[in-house]
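Below is protein-v2.txt, holding compact mmCIF, C-alpha atoms.
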```txt
# COMPACT_ATOMS: atom_id res chain seq x y z
CA MET A 1 23.38 215.61 156.70
CA ALA A 2 20.45 215.32 154.30
CA ARG A 3 20.41 217.76 151.42
CA LYS A 4 17.84 220.54 151.89
CA ARG A 5 16.48 222.97 149.35
CA ALA A 6 14.53 226.16 149.83
CA LYS A 7 11.15 226.19 148.19
CA SER A 8 11.83 229.42 146.34
CA GLY A 9 14.00 232.53 146.35
CA LYS A 10 17.41 232.98 147.92
CA ILE A 11 18.73 230.81 150.70
CA ARG A 12 18.41 232.58 154.03
CA LEU A 13 20.76 232.50 157.00
CA THR A 14 18.01 231.04 159.16
CA GLU A 15 17.94 227.97 156.90
CA VAL A 16 21.69 227.52 157.24
CA ALA A 17 21.44 227.80 161.03
CA LYS A 18 18.59 225.27 161.17
CA LEU A 19 20.43 222.73 159.03
CA ALA A 20 23.64 223.16 161.05
CA GLY A 21 21.78 222.87 164.36
CA VAL A 22 22.94 226.23 165.68
CA SER A 23 21.35 229.58 166.42
CA GLN A 24 21.08 232.25 163.76
CA ILE A 25 23.48 234.39 165.80
CA THR A 26 26.06 231.60 165.77
CA ALA A 27 25.66 231.13 162.02
CA SER A 28 26.07 234.87 161.47
CA ARG A 29 29.18 234.89 163.65
CA PHE A 30 30.69 232.17 161.44
CA PHE A 31 30.57 234.48 158.42
CA ARG A 32 31.83 237.50 160.37
CA ASN A 33 34.42 235.97 162.68
CA PRO A 34 34.83 232.18 162.25
CA GLU A 35 37.70 232.06 164.75
CA ALA A 36 35.20 232.85 167.51
CA LEU A 37 33.46 229.47 167.03
CA SER A 38 34.59 226.01 168.01
CA ILE A 39 35.97 223.81 165.26
CA GLY A 40 32.88 221.60 165.42
CA LYS A 41 30.45 224.48 164.94
CA ARG A 42 32.55 225.97 162.16
CA GLU A 43 32.51 222.68 160.28
CA ARG A 44 28.74 222.27 160.71
CA VAL A 45 27.92 225.80 159.52
CA ALA A 46 30.35 225.55 156.62
CA SER A 47 28.87 222.21 155.58
CA ALA A 48 25.30 223.53 155.80
CA ALA A 49 26.16 226.62 153.76
CA LYS A 50 27.75 224.44 151.11
CA GLU A 51 24.78 222.05 151.07
CA LEU A 52 22.33 224.89 150.57
CA GLY A 53 24.49 227.01 148.29
CA TYR A 54 24.29 229.93 150.69
CA VAL A 55 26.26 233.06 149.75
CA PRO A 56 26.47 235.85 152.36
CA ASN A 57 25.15 239.23 151.29
CA LEU A 58 28.26 241.37 151.62
CA ALA A 59 26.47 244.54 150.59
CA ALA A 60 23.87 244.13 153.32
CA ARG A 61 26.55 243.35 155.85
CA ALA A 62 28.48 246.46 154.86
CA LEU A 63 25.39 248.60 155.34
CA ALA A 64 24.80 247.11 158.77
CA SER A 65 28.40 247.45 159.98
CA HIS A 66 29.37 250.47 157.85
CA ARG A 67 32.33 248.34 156.61
CA THR A 68 32.99 245.54 154.17
CA GLU A 69 35.42 242.74 154.98
CA VAL A 70 37.67 243.72 152.10
CA ILE A 71 41.28 244.80 152.43
CA GLY A 72 42.19 247.06 149.54
CA VAL A 73 45.73 246.90 148.15
CA LEU A 74 47.27 249.49 145.83
CA ILE A 75 50.47 248.45 144.02
CA PRO A 76 52.17 250.15 141.07
CA SER A 77 52.88 247.06 138.95
CA LEU A 78 51.62 243.53 138.34
CA THR A 79 54.63 242.44 136.28
CA ASN A 80 57.43 243.58 138.60
CA ASN A 81 58.74 240.59 140.60
CA VAL A 82 59.25 242.86 143.59
CA PHE A 83 55.50 243.34 143.99
CA SER A 84 54.77 239.70 143.22
CA ASP A 85 56.69 238.82 146.39
CA VAL A 86 54.80 241.48 148.38
CA LEU A 87 51.44 240.14 147.16
CA ARG A 88 52.45 236.59 148.05
CA GLY A 89 53.10 237.73 151.61
CA ILE A 90 49.77 239.56 151.72
CA TYR A 91 47.80 236.56 150.52
CA ASP A 92 49.63 234.11 152.79
CA ALA A 93 49.00 236.29 155.84
CA SER A 94 45.31 236.75 155.04
CA GLU A 95 44.62 233.08 154.25
CA GLY A 96 42.10 231.59 156.67
CA SER A 97 40.91 234.99 157.92
CA ARG A 98 37.51 236.47 157.16
CA TYR A 99 39.06 239.23 155.06
CA SER A 100 39.32 239.10 151.30
CA ILE A 101 42.04 240.87 149.33
CA GLN A 102 41.21 243.21 146.47
CA PHE A 103 44.24 244.67 144.72
CA VAL A 104 44.49 247.26 141.97
CA ASN A 105 47.33 248.51 139.78
CA THR A 106 48.18 252.21 139.84
CA ARG A 107 50.70 251.83 136.97
CA TYR A 108 53.01 254.28 138.76
CA SER A 109 50.48 257.07 138.11
CA ILE A 110 49.69 259.45 140.98
CA LEU A 111 46.44 260.44 139.25
CA GLN A 112 45.40 256.80 138.88
CA GLU A 113 46.28 256.24 142.52
CA GLU A 114 44.00 259.08 143.59
CA LYS A 115 41.18 257.75 141.42
CA LEU A 116 41.50 254.22 142.85
CA LEU A 117 41.65 255.51 146.42
CA ARG A 118 38.35 257.32 145.88
CA LEU A 119 36.88 254.13 144.44
CA PHE A 120 37.90 252.17 147.54
CA GLN A 121 36.61 254.94 149.79
CA ALA A 122 33.13 254.45 148.31
CA GLN A 123 33.36 250.70 148.95
CA MET A 124 34.03 251.12 152.70
CA PRO A 125 36.97 248.71 153.06
CA ALA A 126 37.96 247.21 156.39
CA GLY A 127 41.51 248.43 155.79
CA MET A 128 43.97 249.55 153.12
CA ILE A 129 47.53 248.68 152.10
CA VAL A 130 49.06 251.41 149.95
CA THR A 131 52.47 251.37 148.26
CA GLY A 132 54.79 254.23 149.04
CA ILE A 133 54.67 257.44 151.06
CA ASN A 134 54.56 260.07 148.31
CA GLN A 135 50.85 260.46 147.77
CA THR A 136 49.48 263.72 146.43
CA PRO A 137 47.82 266.04 148.96
CA GLU A 138 44.46 265.03 147.47
CA SER A 139 45.21 261.31 147.85
CA ARG A 140 46.35 261.82 151.42
CA LEU A 141 43.12 263.62 152.26
CA VAL A 142 41.15 260.70 150.83
CA MET A 143 43.17 258.23 152.90
CA GLU A 144 42.69 260.24 156.07
CA ALA A 145 38.93 260.43 155.41
CA MET A 146 38.52 256.67 154.94
CA ASN A 147 38.18 256.10 158.67
CA CYS A 148 39.81 252.67 158.50
CA PRO A 149 43.31 251.37 159.33
CA ILE A 150 45.90 252.00 156.60
CA VAL A 151 49.40 250.60 156.17
CA GLN A 152 51.83 252.26 153.77
CA ILE A 153 54.42 249.78 152.54
CA MET A 154 57.82 249.56 150.77
CA GLU A 155 59.51 252.35 152.72
CA THR A 156 59.43 254.32 155.94
CA GLY A 157 59.10 258.03 156.60
CA PRO A 158 58.45 260.61 159.31
CA ASP A 159 54.77 261.25 158.61
CA PRO A 160 52.61 258.11 158.22
CA VAL A 161 48.94 258.49 157.38
CA ASP A 162 48.38 255.71 159.91
CA MET A 163 50.98 252.89 159.90
CA MET A 164 54.04 251.98 157.83
CA VAL A 165 56.22 248.96 157.16
CA GLY A 166 59.29 249.13 154.94
CA PHE A 167 62.90 250.28 154.96
CA SER A 168 65.11 253.24 154.00
CA HIS A 169 66.00 253.24 150.32
CA TYR A 170 68.44 256.06 151.00
CA ASP A 171 70.32 254.06 153.65
CA ALA A 172 70.37 250.96 151.45
CA ALA A 173 71.93 252.80 148.51
CA PHE A 174 74.39 254.59 150.79
CA ALA A 175 75.50 251.22 152.20
CA ALA A 176 75.94 249.74 148.70
CA ILE A 177 78.14 252.64 147.55
CA SER A 178 80.13 252.60 150.79
CA HIS A 179 80.85 248.91 150.16
CA LEU A 180 82.16 249.62 146.65
CA ILE A 181 84.33 252.46 147.91
CA ALA A 182 85.74 250.20 150.66
CA GLN A 183 86.64 247.67 147.96
CA GLY A 184 88.76 250.29 146.21
CA TYR A 185 86.40 251.44 143.45
CA LYS A 186 86.34 255.17 142.75
CA ARG A 187 84.61 255.85 139.42
CA ILE A 188 81.26 254.41 140.41
CA GLY A 189 78.44 254.93 137.93
CA PHE A 190 74.72 255.15 138.70
CA LEU A 191 72.12 253.65 136.37
CA GLY A 192 68.43 254.32 136.97
CA ALA A 193 65.14 253.69 135.15
CA ARG A 194 61.55 254.69 135.94
CA MET A 195 62.65 257.23 138.49
CA ASP A 196 59.79 256.90 140.97
CA PRO A 197 60.17 258.41 144.47
CA ARG A 198 61.77 255.26 145.93
CA VAL A 199 64.38 255.21 143.15
CA GLN A 200 64.96 258.94 143.70
CA ARG A 201 65.86 258.18 147.31
CA ARG A 202 68.36 255.56 146.12
CA LEU A 203 69.89 258.25 143.94
CA GLU A 204 70.16 260.55 146.96
CA GLY A 205 71.93 257.80 148.92
CA TYR A 206 74.36 257.25 146.04
CA ARG A 207 75.06 260.96 145.66
CA ASP A 208 75.68 261.56 149.36
CA ALA A 209 77.96 258.52 149.73
CA MET A 210 80.03 259.62 146.75
CA LYS A 211 80.21 263.22 148.01
CA ALA A 212 81.26 262.05 151.47
CA ALA A 213 84.21 260.25 149.85
CA GLY A 214 85.03 263.17 147.55
CA LEU A 215 84.21 261.05 144.50
CA PHE A 216 80.99 262.55 143.16
CA ASP A 217 80.95 263.38 139.45
CA GLN A 218 77.68 264.27 137.68
CA ARG A 219 78.98 262.60 134.52
CA LEU A 220 78.74 259.22 136.27
CA LEU A 221 74.93 259.43 136.49
CA LEU A 222 72.63 258.12 133.78
CA THR A 223 68.88 257.82 134.25
CA THR A 224 65.75 257.41 132.16
CA PRO A 225 62.04 257.81 132.99
CA VAL A 226 61.08 254.78 130.88
CA PRO A 227 60.31 251.38 132.50
CA THR A 228 63.13 249.10 133.51
CA ALA A 229 64.23 246.00 131.57
CA VAL A 230 67.26 243.76 131.32
CA THR A 231 67.99 245.01 127.79
CA ARG A 232 67.70 248.60 129.02
CA GLY A 233 70.45 247.89 131.54
CA GLY A 234 72.78 246.94 128.72
CA THR A 235 71.83 249.99 126.67
CA LEU A 236 72.27 252.40 129.57
CA PHE A 237 75.62 250.87 130.46
CA ALA A 238 76.83 251.24 126.86
CA ASP A 239 75.79 254.91 126.90
CA LEU A 240 77.52 255.47 130.23
CA LEU A 241 80.73 253.90 128.95
CA ALA A 242 80.63 256.21 125.94
CA SER A 243 80.47 259.31 128.14
CA ALA A 244 82.62 258.07 131.06
CA PRO A 245 84.96 255.34 129.76
CA ASP A 246 87.00 255.34 132.99
CA ILE A 247 84.19 253.98 135.21
CA ASP A 248 85.24 250.97 137.26
CA ALA A 249 81.93 250.09 138.97
CA VAL A 250 78.18 250.48 138.46
CA PHE A 251 75.35 250.73 140.98
CA CYS A 252 71.99 249.82 139.41
CA VAL A 253 68.69 250.78 141.00
CA ASN A 254 67.30 247.29 140.42
CA ASP A 255 68.43 243.79 139.51
CA ASP A 256 67.08 243.83 135.95
CA LEU A 257 69.44 246.66 135.07
CA ALA A 258 72.32 244.93 136.86
CA LEU A 259 71.77 241.76 134.85
CA GLY A 260 71.74 243.81 131.66
CA VAL A 261 75.06 245.39 132.65
CA LEU A 262 76.56 241.97 133.24
CA PHE A 263 75.43 240.75 129.81
CA GLU A 264 76.90 243.85 128.15
CA CYS A 265 80.19 243.35 130.00
CA GLN A 266 80.31 239.78 128.76
CA ARG A 267 79.53 240.91 125.22
CA ARG A 268 82.38 243.42 125.36
CA HIS A 269 84.75 240.98 127.14
CA ILE A 270 84.97 243.24 130.19
CA PRO A 271 85.87 240.98 133.14
CA VAL A 272 83.71 241.32 136.26
CA PRO A 273 84.88 242.34 138.82
CA ASP A 274 88.50 242.76 137.64
CA LYS A 275 87.61 245.64 135.31
CA MET A 276 84.02 246.41 136.33
CA ALA A 277 82.15 245.88 139.59
CA ILE A 278 78.34 245.57 139.58
CA VAL A 279 75.80 246.02 142.39
CA GLY A 280 72.03 245.67 142.01
CA PHE A 281 69.01 246.29 144.23
CA ASN A 282 66.29 243.93 145.61
CA ASP A 283 68.28 240.67 145.37
CA LEU A 284 65.92 238.71 143.16
CA GLU A 285 66.57 234.98 142.99
CA PHE A 286 68.67 235.02 139.81
CA MET A 287 71.31 237.35 141.31
CA ALA A 288 73.00 234.48 143.16
CA SER A 289 72.94 232.25 140.06
CA THR A 290 74.71 234.43 137.51
CA VAL A 291 78.38 234.00 136.56
CA PRO A 292 79.85 235.69 138.44
CA PRO A 293 77.19 235.99 141.16
CA LEU A 294 75.92 239.54 141.46
CA THR A 295 75.98 241.62 144.64
CA SER A 296 72.62 243.16 145.52
CA VAL A 297 70.69 244.86 148.31
CA ARG A 298 68.25 242.32 149.74
CA THR A 299 64.83 243.74 150.64
CA ASN A 300 62.32 241.85 152.78
CA ARG A 301 59.44 242.03 150.33
CA TYR A 302 57.54 238.90 151.35
CA GLU A 303 57.82 239.75 155.05
CA MET A 304 56.68 243.29 154.23
CA GLY A 305 53.43 241.97 152.77
CA LYS A 306 52.84 239.62 155.70
CA ARG A 307 53.60 242.24 158.32
CA ALA A 308 51.30 244.77 156.65
CA VAL A 309 48.36 242.35 156.90
CA THR A 310 49.18 241.47 160.51
CA MET A 311 49.34 245.13 161.51
CA LEU A 312 46.16 245.91 159.61
CA THR A 313 44.04 243.06 160.96
CA SER A 314 45.19 243.76 164.52
CA ALA A 315 44.15 247.40 164.14
CA ILE A 316 40.82 246.41 162.62
CA GLU A 317 40.15 244.18 165.63
CA GLY A 318 40.94 247.07 167.98
CA GLU A 319 44.48 246.00 168.96
CA ARG A 320 46.66 248.57 167.28
CA PRO A 321 50.39 247.76 167.08
CA SER A 322 52.49 249.48 169.73
CA GLU A 323 54.89 250.61 166.98
CA PRO A 324 53.01 252.18 164.05
CA VAL A 325 56.17 252.38 161.91
CA VAL A 326 58.14 249.16 161.36
CA ASP A 327 61.56 249.29 159.69
CA LEU A 328 62.40 245.82 158.35
CA GLY A 329 65.84 246.95 157.26
CA PHE A 330 67.87 245.53 154.38
CA GLU A 331 70.93 243.35 153.85
CA LEU A 332 73.76 243.87 151.39
CA MET A 333 74.38 240.46 149.83
CA VAL A 334 78.03 240.74 148.87
CA ARG A 335 79.01 238.41 146.05
CA GLN A 336 81.84 238.08 143.54
CA SER A 337 80.70 240.93 141.26
CA SER A 338 81.80 243.60 143.74
CA MET A 339 84.87 242.04 145.31
CA ALA A 340 88.11 243.99 145.31
CA ARG A 341 90.16 243.47 142.18
CA GLY A 342 92.30 240.36 142.30
CA ASN A 343 90.22 238.68 145.05
```
Target format structure tokens, applied to this file:
Amino acid sequence: MARKRAKSGKIRLTEVAKLAGVSQITASRFFRNPEALSIGKRERVASAAKELGYVPNLAARALASHRTEVIGVLIPSLTNNVFSDVLRGIYDASEGSRYSIQFVNTRYSILQEEKLLRLFQAQMPAGMIVTGINQTPESRLVMEAMNCPIVQIMETGPDPVDMMVGFSHYDAAFAAISHLIAQGYKRIGFLGARMDPRVQRRLEGYRDAMKAAGLFDQRLLLTTPVPTAVTRGGTLFADLLASAPDIDAVFCVNDDLALGVLFECQRRHIPVPDKMAIVGFNDLEFMASTVPPLTSVRTNRYEMGKRAVTMLTSAIEGERPSEPVVDLGFELMVRQSSMARGN
């Protein structure tokens, strides 16, 4: 294909179509829905666009269709490994589609979330993926007014704005505590940091499991609103030991805290699990590699991201999922750190 150049100004779609040997309608369809074309035509249009340096005018397309081809994603953290896995699933699921991903960081701020939702609303996205189910009334009104498919991720609840994919944090925590109780542990501490709504639900699961067994003691709870960190896990555990020296197990709301507890136990020569059991949450990769390996609640973060995109793109194309709320569940990965004493 000989290289062509426009005499002046921007490259037009008609020039791309002419060079590719297709109609303008076919060339336009390539940029809107490439899957609708044969492989041969896709390759010819793509090659012509590259030859000419053609860049589609997304703003003009949005005005014509009243939508962009952007999927907006709101997550609360860029440094948390949990959301890194979710984003990986989102990008893998959207690869090869005509939709581009634009993500923003709410920094766990409900006011920032509302501001960013209004920003996306003005940009007319094709769809939205939003973390969590505890939006403010104002944020929920914005989401309902967007007039595009929306998937809330990371948990499930009774009142979706549109669609949801996640799991029950309450049930997961309840299962973790029930496991510890079944192993013979009774003085089970709770360590929490950055007590966002999902972590609050883990606390509720802990509290109800302990109450059901007649073991609940408010002195076994220690939380902080500050961000989580491995070192913070050690510090919180030391503080908990000072106030409740008879604890025999600890449930941590995430794996960073659990790792910090393990390090502090090793520093104090407290054998795990003979004198102290440890359970974390999320089951990040390192949990199976510690000595001893740490028990944790496995959450399907990557699959959550992929499923959210699949549900969203299907709804955008007019084929809404038959089940608007998908519970991916969880799995308690039982390892040596929570085995019964002497096992």
Report as a tab-separated table: every residue of segment 20-120 of chain A with an atom at most 12 Å from segment 228-234 of chain A, its closest pair of atoms, and their distance in Å to one decimal, counting all atoms listed in the file, with rows sorted by chain and ascending residue number.
```
residue	atom	partner	partner_atom	distance
A:Ser77	CA	A:Thr228	CA	11.8
A:Thr79	CA	A:Thr228	CA	11.1
A:Asn80	CA	A:Thr228	CA	9.4
A:Asn81	CA	A:Ala229	CA	11.9
```
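Compared by their closest atoms to Thr313 of chain A, and using only C-alpha atoms, the residues A:Pro149, A:Gly21, A:Gly132, A:Pro160 rank with A:Pro149 nearest.
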Report task. Please measure the separation of atom CA of Glu51 of chain A and atom CA of Val70 of chain A, giving the value in Å to one decimal. Result -> 25.2 Å
Query raised in the report: For Gly189 of chain A, which of A:Leu262, A:Ala213, A:Leu116, A:Ala277 is the closest residue, counting all atoms listed in the file?
Result: A:Ala277
**Report entry** Pick from A:Leu220, A:Pro137, A:Gly192, A:Asp162, whichever lies nearest to Ser243 of chain A using all atoms listed in the file
**Finding:**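 When distances to Ser243 of chain A are compared using all atoms listed in the file, the smallest one comes from A:Leu220.
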Query - Between atom CA of Ser47 of chain A and atom CA of Ser94 of chain A, distance in Å (one decimal) - result: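 Spanning atom CA of Ser47 of chain A to atom CA of Ser94 of chain A is a straight-line distance of 22.0 Å.
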Report task. Skip Lys50 of chain A itself and residues of its chain fewer than 2 positions away, then list as a PyMOL selection string all residues within 12 Å of it, counting all atoms listed in the file. Result -> chain A and resi 1+3-5+11+15-16+19-20+43-48+52-56
Report summary line: Counting all atoms listed in the file, the residue among A:Val151, A:Leu332, A:Val199, A:Ala93 that lies closest to Val297 of chain A is A:Leu332
Can you tell me which residues surround Met339 of chain A at a distance of at most 9 Å, considering all atoms listed in the file, apart from same-chain residues fewer than 3 positions away, and format the answer as a compact mmCIF listing (two decimals) with C-alpha atoms, in the frame of the given file?
```
# COMPACT_ATOMS: atom_id res chain seq x y z
CA LEU A 180 82.16 249.62 146.65
CA GLN A 183 86.64 247.67 147.96
CA PRO A 273 84.88 242.34 138.82
CA ASP A 274 88.50 242.76 137.64
CA ALA A 277 82.15 245.88 139.59
CA THR A 295 75.98 241.62 144.64
CA VAL A 334 78.03 240.74 148.87
CA ARG A 335 79.01 238.41 146.05
CA GLN A 336 81.84 238.08 143.54
CA GLY A 342 92.30 240.36 142.30
CA ASN A 343 90.22 238.68 145.05
```
